file data_20.txt (compact mmCIF, C-alpha atoms (C1' of nucleotides))
# COMPACT_ATOMS: atom_id res chain seq x y z
CA MET U 7 0.00 0.00 0.00
CA ARG U 8 1.05 3.62 -0.37
CA ILE U 9 1.74 6.19 2.26
CA GLY U 10 -1.69 7.80 2.27
CA GLU U 11 -3.53 4.59 2.94
CA LEU U 12 -1.16 3.55 5.66
CA ALA U 13 -1.57 6.96 7.25
CA ARG U 14 -5.33 6.58 7.27
CA ARG U 15 -5.20 3.08 8.61
CA THR U 16 -2.89 4.03 11.44
CA GLU U 17 -4.45 7.37 12.28
CA SER U 18 -1.21 9.09 11.53
CA THR U 19 -0.08 11.28 8.66
CA PRO U 20 2.24 10.85 5.70
CA ARG U 21 4.54 13.32 7.37
CA LEU U 22 4.88 11.09 10.39
CA LEU U 23 5.40 7.95 8.39
CA ARG U 24 8.28 9.61 6.60
CA TYR U 25 9.61 10.73 9.91
CA TYR U 26 9.49 7.24 11.36
CA GLU U 27 11.29 6.00 8.30
CA GLN U 28 13.91 8.67 8.69
CA GLN U 29 14.37 7.56 12.28
CA GLY U 30 14.90 4.04 11.09
CA LEU U 31 11.72 2.63 12.58
CA ILE U 32 10.34 1.37 9.30
CA THR U 33 11.89 0.84 5.88
CA PRO U 34 9.30 0.61 3.13
CA ARG U 35 10.23 -0.56 -0.32
CA ARG U 36 9.89 1.73 -3.28
CA GLU U 37 7.72 1.41 -6.34
CA ALA U 38 9.29 1.97 -9.74
CA ASN U 39 8.17 5.59 -9.65
CA GLY U 40 9.74 6.30 -6.30
CA TYR U 41 6.56 6.03 -4.25
CA ARG U 42 6.95 4.27 -0.93
CA ALA U 43 5.41 0.80 -0.83
CA TYR U 44 4.31 -0.50 2.57
CA ASP U 45 3.67 -4.14 3.32
CA GLU U 46 0.60 -5.14 5.24
CA TYR U 47 2.47 -6.00 8.41
CA LEU U 48 3.58 -2.41 8.70
CA VAL U 49 0.10 -1.39 9.75
CA ASP U 50 0.56 -3.20 13.02
CA ARG U 51 4.08 -2.03 13.36
CA VAL U 52 3.13 1.59 12.93
CA LEU U 53 0.31 1.21 15.41
CA GLN U 54 2.79 -0.22 17.84
CA ILE U 55 5.20 2.61 17.22
CA ARG U 56 2.50 5.14 17.84
CA GLY U 57 1.45 3.36 20.98
CA LEU U 58 4.96 3.37 22.34
CA LEU U 59 5.46 6.95 21.35
CA ASP U 60 2.26 7.91 23.02
CA ALA U 61 3.40 5.95 26.03
CA GLY U 62 6.37 8.23 26.24
CA LEU U 63 9.20 6.28 24.67
CA PRO U 64 11.48 8.15 22.31
CA THR U 65 12.05 6.87 18.78
CA ARG U 66 15.65 6.13 19.67
CA ILE U 67 14.50 3.52 22.20
CA ILE U 68 11.64 2.25 20.11
CA LYS U 69 14.10 1.53 17.39
CA GLN U 70 15.96 -0.70 19.79
CA ILE U 71 13.03 -2.60 21.13
CA LEU U 72 11.10 -3.09 17.91
CA PRO U 73 13.31 -5.90 16.62
CA CYS U 74 12.54 -7.83 19.80
CA LEU U 75 8.86 -7.70 19.13
CA ASP U 76 8.67 -9.21 15.68
CA ALA U 77 5.62 -11.36 15.28
CA PRO U 78 7.06 -14.78 14.46
CA ARG U 79 9.00 -15.08 17.70
CA THR U 80 12.21 -14.63 15.82
CA ILE U 81 15.04 -14.19 18.20
CA HIS U 82 17.63 -11.78 16.98
CA PHE U 83 20.87 -13.00 18.39
CA ALA U 84 22.90 -10.73 16.21
CA ASP U 85 21.97 -7.40 17.75
CA ALA U 86 21.60 -8.67 21.29
CA THR U 87 24.69 -6.94 22.61
CA PRO U 88 25.11 -6.71 26.37
CA GLU U 89 24.62 -2.95 26.37
CA MET U 90 21.41 -3.35 24.47
CA LEU U 91 20.15 -5.93 26.91
CA ALA U 92 20.98 -3.55 29.71
CA THR U 93 19.12 -0.79 27.95
CA LEU U 94 16.13 -3.02 27.59
CA GLU U 95 16.21 -4.04 31.23
CA SER U 96 16.32 -0.49 32.46
CA GLU U 97 13.69 0.49 29.95
CA THR U 98 11.29 -2.12 31.23
CA ASP U 99 11.91 -0.76 34.70
CA ARG U 100 11.08 2.72 33.53
CA MET U 101 7.97 1.39 31.90
CA THR U 102 6.94 -0.34 35.08
CA ARG U 103 7.36 2.84 37.06
CA ARG U 104 5.37 4.68 34.46
CA ILE U 105 2.62 2.11 34.62
CA LEU U 106 2.44 2.33 38.38
CA CYS U 107 2.32 6.09 38.35
CA LEU U 108 -0.34 6.17 35.68
CA THR U 109 -2.41 3.54 37.43
CA ARG U 110 -2.23 5.24 40.78
CA ASN U 111 -3.25 8.56 39.40
CA ARG U 112 -5.89 7.22 37.12
CA ASP U 113 -7.49 5.38 40.00
CA ALA U 114 -7.38 8.50 42.10
CA ILE U 115 -9.13 10.45 39.39
CA ARG U 116 -11.67 7.69 38.99
CA GLU U 117 -12.36 7.72 42.66
CA TYR U 118 -12.80 11.44 42.52
CA LEU U 119 -15.20 11.12 39.64
CA GLU U 120 -17.17 8.48 41.50
CA VAL U 121 -17.58 10.74 44.47
CA VAL U 122 -18.56 13.73 42.42
CA LYS U 123 -21.07 11.67 40.49
CA GLY U 124 -22.47 10.19 43.63
CA LEU U 125 -22.96 13.68 44.93
CA SER U 126 -24.85 15.06 41.98
CA GLU U 127 -27.13 12.08 41.60
CA PRO U 128 -29.27 12.34 44.74
CA PRO U 129 -31.10 15.71 44.73
CA LEU U 130 -28.63 17.92 46.54
CA GLU U 131 -27.43 16.47 49.79
CA VAL U 132 -24.25 17.82 51.28
CA GLN U 133 -21.79 15.34 52.79
CA ARG U 134 -22.71 11.78 52.06
CA SER U 135 -20.09 9.14 52.61
CA HIS U 136 -20.88 7.18 55.79
CA SER U 137 -24.44 8.35 56.27
CA ALA U 138 -26.87 6.31 54.12
CA ALA U 139 -28.50 9.33 52.51
CA MET J 23 11.96 25.31 52.23
CA ARG J 24 13.61 27.13 49.37
CA ILE J 25 13.82 26.20 45.75
CA GLY J 26 17.23 24.56 45.90
CA GLU J 27 16.27 22.13 48.60
CA LEU J 28 13.02 21.22 46.92
CA ALA J 29 14.90 20.64 43.71
CA ARG J 30 17.29 18.28 45.44
CA ARG J 31 14.53 16.45 47.22
CA THR J 32 12.55 15.92 44.05
CA GLU J 33 15.43 15.19 41.73
CA SER J 34 14.51 18.15 39.63
CA THR J 35 16.08 21.56 39.18
CA PRO J 36 15.19 25.09 40.23
CA ARG J 37 14.56 25.84 36.59
CA LEU J 38 11.89 23.18 36.43
CA LEU J 39 10.23 24.22 39.65
CA ARG J 40 9.89 27.74 38.30
CA TYR J 41 8.50 26.31 35.12
CA TYR J 42 5.91 24.23 36.95
CA GLU J 43 4.94 27.31 38.85
CA GLN J 44 4.63 29.29 35.67
CA GLN J 45 2.38 26.56 34.30
CA GLY J 46 0.20 26.89 37.36
CA LEU J 47 1.03 23.47 38.78
CA ILE J 48 2.35 24.80 42.06
CA THR J 49 2.11 28.18 43.76
CA PRO J 50 4.74 28.67 46.43
CA ARG J 51 4.55 31.53 48.87
CA ARG J 52 7.24 34.16 49.00
CA GLU J 53 9.61 35.09 51.75
CA ALA J 54 10.04 38.75 52.63
CA ASN J 55 13.05 38.96 50.36
CA GLY J 56 11.24 37.54 47.36
CA TYR J 57 12.60 34.02 47.64
CA ARG J 58 10.09 31.28 46.91
CA ALA J 59 8.94 29.38 50.01
CA TYR J 60 7.74 25.83 49.51
CA ASP J 61 5.64 23.94 52.02
CA GLU J 62 6.50 20.38 52.86
CA TYR J 63 3.56 18.88 51.01
CA LEU J 64 4.92 20.24 47.77
CA VAL J 65 7.63 17.62 47.79
CA ASP J 66 5.04 14.95 47.14
CA ARG J 67 3.19 17.13 44.73
CA VAL J 68 6.27 17.78 42.66
CA LEU J 69 7.14 14.10 42.65
CA GLN J 70 3.66 13.41 41.43
CA ILE J 71 3.97 16.03 38.75
CA ARG J 72 7.23 14.56 37.58
CA GLY J 73 5.77 11.11 37.54
CA LEU J 74 2.85 12.18 35.43
CA LEU J 75 5.09 14.16 33.15
CA ASP J 76 7.35 11.19 32.76
CA ALA J 77 4.28 9.11 32.05
CA GLY J 78 3.58 11.33 29.10
CA LEU J 79 0.93 13.72 30.32
CA PRO J 80 1.34 17.37 29.37
CA THR J 81 1.37 20.06 32.06
CA ARG J 82 -1.92 21.36 30.73
CA ILE J 83 -3.64 18.11 31.68
CA ILE J 84 -1.73 17.64 34.88
CA LYS J 85 -2.93 21.01 35.97
CA GLN J 86 -6.49 19.81 35.57
CA ILE J 87 -6.12 16.53 37.37
CA LEU J 88 -3.96 17.68 40.27
CA PRO J 89 -6.79 19.37 42.17
CA CYS J 90 -8.64 16.05 42.24
CA LEU J 91 -5.74 14.36 43.95
CA ASP J 92 -5.30 16.49 47.03
CA ALA J 93 -4.29 14.43 50.00
CA PRO J 94 -7.05 15.14 52.51
CA ARG J 95 -9.83 13.82 50.28
CA THR J 96 -11.10 17.31 49.79
CA ILE J 97 -13.66 17.36 47.09
CA HIS J 98 -13.55 20.47 45.00
CA PHE J 99 -17.11 21.16 44.04
CA ALA J 100 -16.33 24.61 42.86
CA ASP J 101 -14.29 23.72 39.79
CA ALA J 102 -16.20 20.56 38.97
CA THR J 103 -17.78 21.93 35.84
CA PRO J 104 -19.36 19.42 33.47
CA GLU J 105 -16.69 20.03 30.82
CA MET J 106 -14.00 19.40 33.34
CA LEU J 107 -15.61 16.17 34.40
CA ALA J 108 -15.79 15.15 30.79
CA THR J 109 -12.15 16.02 30.35
CA LEU J 110 -11.27 13.88 33.31
CA GLU J 111 -13.31 10.96 32.04
CA SER J 112 -11.66 11.00 28.67
CA GLU J 113 -8.30 11.51 30.30
CA THR J 114 -8.69 8.43 32.43
CA ASP J 115 -9.55 6.57 29.26
CA ARG J 116 -6.41 7.83 27.64
CA MET J 117 -4.44 6.80 30.68
CA THR J 118 -5.96 3.35 30.59
CA ARG J 119 -5.02 2.92 26.97
CA ARG J 120 -1.55 4.08 27.74
CA ILE J 121 -1.27 1.65 30.59
CA LEU J 122 -2.40 -1.21 28.40
CA CYS J 123 0.01 -0.30 25.68
CA LEU J 124 2.89 0.07 28.08
CA THR J 125 2.07 -3.19 29.78
CA ARG J 126 1.79 -5.11 26.55
CA ASN J 127 5.06 -3.83 25.23
CA ARG J 128 6.90 -4.16 28.49
CA ASP J 129 5.79 -7.75 28.78
CA ALA J 130 6.88 -8.44 25.24
CA ILE J 131 10.30 -7.04 25.96
CA ARG J 132 10.49 -9.01 29.18
CA GLU J 133 9.61 -12.15 27.35
CA TYR J 134 12.30 -11.43 24.84
CA LEU J 135 14.83 -10.87 27.59
CA GLU J 136 13.82 -14.11 29.25
CA VAL J 137 14.42 -16.03 26.08
CA VAL J 138 17.74 -14.42 25.39
CA LYS J 139 18.88 -15.03 28.95
CA GLY J 140 17.68 -18.58 28.82
CA LEU J 141 19.70 -19.10 25.71
CA SER J 142 22.98 -17.79 27.02
CA GLU J 143 22.80 -19.66 30.29
CA PRO J 144 23.08 -23.30 29.16
CA PRO J 145 26.32 -23.74 27.14
CA LEU J 146 25.13 -23.09 23.60
CA GLU J 147 22.10 -25.08 22.60
CA VAL J 148 20.07 -23.87 19.66
CA GLN J 149 16.26 -23.92 19.94
CA ARG J 150 15.08 -24.77 23.39
CA SER J 151 11.43 -24.19 24.23
CA HIS J 152 9.52 -27.49 24.15
CA SER J 153 12.52 -29.81 24.11
CA ALA J 154 13.80 -30.43 27.64
CA ALA J 155 17.38 -29.41 26.94
C1' DT Y 1 -5.70 16.66 -22.33
C1' DC Y 2 -6.80 18.90 -18.25
C1' DT Y 3 -7.18 18.80 -13.53
C1' DA Y 4 -7.54 16.81 -9.07
C1' DT Y 5 -5.33 13.87 -6.08
C1' DC Y 6 -1.55 11.78 -4.46
C1' DG Y 7 3.29 11.17 -4.19
C1' DT Y 8 8.42 13.12 -3.65
C1' DT Y 9 12.00 16.10 -1.12
C1' DG Y 10 13.43 19.87 1.63
C1' DA Y 11 12.94 23.67 4.51
C1' DC Y 12 10.98 26.19 7.97
C1' DA Y 13 7.63 26.70 12.02
C1' DT Y 14 5.70 25.19 16.48
C1' DC Y 15 4.96 23.20 21.05
C1' DC Y 16 6.79 21.47 25.12
C1' DA Y 17 9.99 20.23 28.70
C1' DT Y 18 14.46 21.54 29.63
C1' DG Y 19 19.22 23.68 29.73
C1' DT Y 20 22.00 27.68 30.05
C1' DC Y 21 23.48 32.17 30.65
C1' DA Y 22 23.47 37.03 32.15
C1' DA Y 23 22.80 40.68 35.47
C1' DG Y 24 21.64 41.47 39.60
C1' DG Y 25 19.82 40.93 44.84
C1' DT Y 26 20.37 38.35 49.57
C1' DC Y 27 22.77 36.32 53.10
C1' DC Y 28 26.12 34.13 55.81
C1' DA Y 29 30.88 32.97 57.25
C1' DG Y 30 35.40 34.45 57.69
C1' DC R 7 33.33 44.15 54.27
C1' DT R 8 34.15 40.65 51.10
C1' DG R 9 33.51 36.15 48.74
C1' DG R 10 30.76 32.47 47.78
C1' DA R 11 26.46 30.17 47.69
C1' DC R 12 21.96 30.92 46.86
C1' DC R 13 18.07 33.45 45.11
C1' DT R 14 15.53 36.58 41.42
C1' DT R 15 13.91 37.54 36.43
C1' DG R 16 14.40 37.29 31.62
C1' DA R 17 16.12 35.75 27.43
C1' DC R 18 17.82 32.61 24.31
C1' DA R 19 18.98 27.62 22.94
C1' DT R 20 17.81 22.75 22.18
C1' DG R 21 15.79 18.27 21.11
C1' DG R 22 11.92 15.58 19.78
C1' DA R 23 7.49 14.88 17.55
C1' DT R 24 4.74 17.25 14.56
C1' DG R 25 2.56 20.78 11.25
C1' DT R 26 2.90 23.32 7.08
C1' DC R 27 4.40 24.96 2.85
C1' DA R 28 6.78 25.10 -1.65
C1' DA R 29 7.99 23.12 -5.95
C1' DC R 30 7.76 19.43 -8.38
C1' DG R 31 6.59 14.45 -10.49
C1' DA R 32 3.01 10.63 -11.16
C1' DT R 33 -1.57 8.93 -11.98
C1' DA R 34 -6.13 8.43 -12.87
C1' DG R 35 -10.74 10.02 -14.18
C1' DA R 36 -13.84 13.54 -16.84
call {"tool": "encode", "arguments": {"input": "data_20.txt", "output": "structure tokens"}}
result
Amino acid sequence: MRIGELARRTESTPRLLRYYEQQGLITPRREANGYRAYDEYLVDRVLQIRGLLDAGLPTRIIKQILPCLDAPRTIHFADATPEMLATLESETDRMTRRILCLTRNRDAIREYLEVVKGLSEPPLEVQRSHSAA
Amino acid sequence: MRIGELARRTESTPRLLRYYEQQGLITPRREANGYRAYDEYLVDRVLQIRGLLDAGLPTRIIKQILPCLDAPRTIHFADATPEMLATLESETDRMTRRILCLTRNRDAIREYLEVVKGLSEPPLEVQRSHSAA
DNA sequence: TCTATCGTTGACATCCATGTCAAGGTCCAG
DNA sequence: CTGGACCTTGACATGGATGTCAACGATAGA
């Protein structure tokens, strides 16, 4: 498929797809006329890239972890240098911390929303909580 | 406490604390001489801000959700406008998606690391998995 | 064939979280 | 009273993910 279609299917833009390519995250083939040609599997890959990006990882890191996530459980011995493994370890730690922080705060917001909702539902009654309305 | 101490205790910098203030995330008092004076509770608040920032939320959003997270379960009726509630709802959704994405990818990386480790431990044996070494 | 739509590259603009630097005020210790 | 450590404000710089625009080539449909 061409760049426009991929952009639509991944909710991104041609600009971004070129950017990801420039950052080495994807490497589409080229048609005879110079147009970029994207294979089907790149849809998922781009979605994953966008997810990771949105999750706060920089392209530099994404580039490193993408090869580990190839669908057909292919293990890439070649590029598994010790430093890279270390990077990955520490990156998973960072991700875990991120997840915890997000979860904590999301739950707090949820709780807040619950309370506020609970307050507006019964026709005006200040201070609920332990008293059964 | 003054800005330097808070910076040290939150692993940030004075520059950042001024920035957070400028973005309306914190509002320290002032000493007679103009120095910023930070109350103890701001340590936690700044840590929370940094966590959320690191988790990918922009200051604009953080500013909205912080008031809901005040320690002494104070409910802020005043600013609970319907739009704000809607914002919070959709933001928790975004956070949930982020969490899922992060978790998925972190687990994938972990799995990869497991496999790679498992491979290097026993003295060179190609393709393990279902065959008991 | 004309024109709209899509593609190409390259450059420049923007937003956001930060860094850095300058010029100056405050304060304490020697 | 002087030097150093800390504070102030303000400005400018930077890096990363994006937007936008210009100038041009390719393609397909009326």
call {"tool": "closest_residue", "arguments": {"input": "data_20.txt", "among": "U:Ala13, U:Leu91, U:Val52, U:Leu22", "to": "chain R", "atoms": "all atoms listed in the file"}}
result
U:Leu22
call {"tool": "atom_distance", "arguments": {"input": "data_20.txt", "atom1": "CA of Gln28 in chain U", "atom2": "CA of Tyr134 in chain J"}}
result
25.8 Å
call {"tool": "closest_atom_pairs", "arguments": {"input": "data_20.txt", "of": "chain Y", "to": "chain U", "cutoff": "8 Å", "atoms": "all atoms listed in the file", "output": "Markdown table"}}
result
| residue | atom | partner | partner_atom | distance |
| --- | --- | --- | --- | --- |
| Y:DC6 | C1' | U:Gly10 | CA | 7.8 |
| Y:DG7 | C1' | U:Tyr41 | CA | 6.1 |
| Y:DT8 | C1' | U:Tyr41 | CA | 7.4 |
call {"tool": "atom_distance", "arguments": {"input": "data_20.txt", "atom1": "CA of Leu119 in chain U", "atom2": "CA of Cys90 in chain J"}}
result
8.6 Å
call {"tool": "interface_residues", "arguments": {"input": "data_20.txt", "of": "chain U", "to": "chain J", "cutoff": "6 Å", "atoms": "only C-alpha atoms", "output": "ChimeraX atom specification"}}
result
/U:61-62,98,104-105,112
call {"tool": "interface_residues", "arguments": {"input": "data_20.txt", "of": "chain R", "to": "chain U", "cutoff": "8 Å", "atoms": "only C-alpha atoms (C1' of nucleotides)", "output": "PyMOL selection string"}}
result
chain R and resi 22+24+32
call {"tool": "residues_around", "arguments": {"input": "data_20.txt", "residues": "range 20-30 of chain Y", "least_positions_apart": "4", "cutoff": "10 Å", "atoms": "all atoms listed in the file", "output": "list in words"}}
result
Asn55, Gly56 and Tyr57 of chain J; DT8, DG9, DG10, DA11, DC12, DC13, DT14, DT15, DG16, DA17, DC18 and DA19 of chain R
call {"tool": "residues_around", "arguments": {"input": "data_20.txt", "residues": "Tyr44 in chain U", "least_positions_apart": "2", "cutoff": "10 Å", "atoms": "all atoms listed in the file", "output": "list in words"}}
result
Met7, Arg8, Ile9, Glu11, Leu12, Ile32, Thr33, Pro34, Arg35, Arg36, Glu37, Tyr41, Arg42, Glu46, Tyr47, Leu48 and Val49 of chain U
call {"tool": "atom_distance", "arguments": {"input": "data_20.txt", "atom1": "CA of Tyr42 in chain J", "atom2": "C1' of DG19 in chain Y"}}
result
15.2 Å
call {"tool": "axis_aligned_box", "arguments": {"input": "data_20.txt", "around": "range 6-25 of chain Y", "padding_each_side": "8 Å", "output": "JSON"}}
result
{"center_x": 11.0, "center_y": 26.3, "center_z": 20.2, "size_x": 41.0, "size_y": 46.3, "size_z": 65.3}
call {"tool": "residues_near_point", "arguments": {"input": "data_20.txt", "point": "(-5.9, 11.9, -12.2)", "cutoff": "8 Å", "atoms": "only C-alpha atoms (C1' of nucleotides)", "output": "list in words"}}
result
DT3, DA4 and DT5 of chain Y; DT33, DA34 and DG35 of chain R
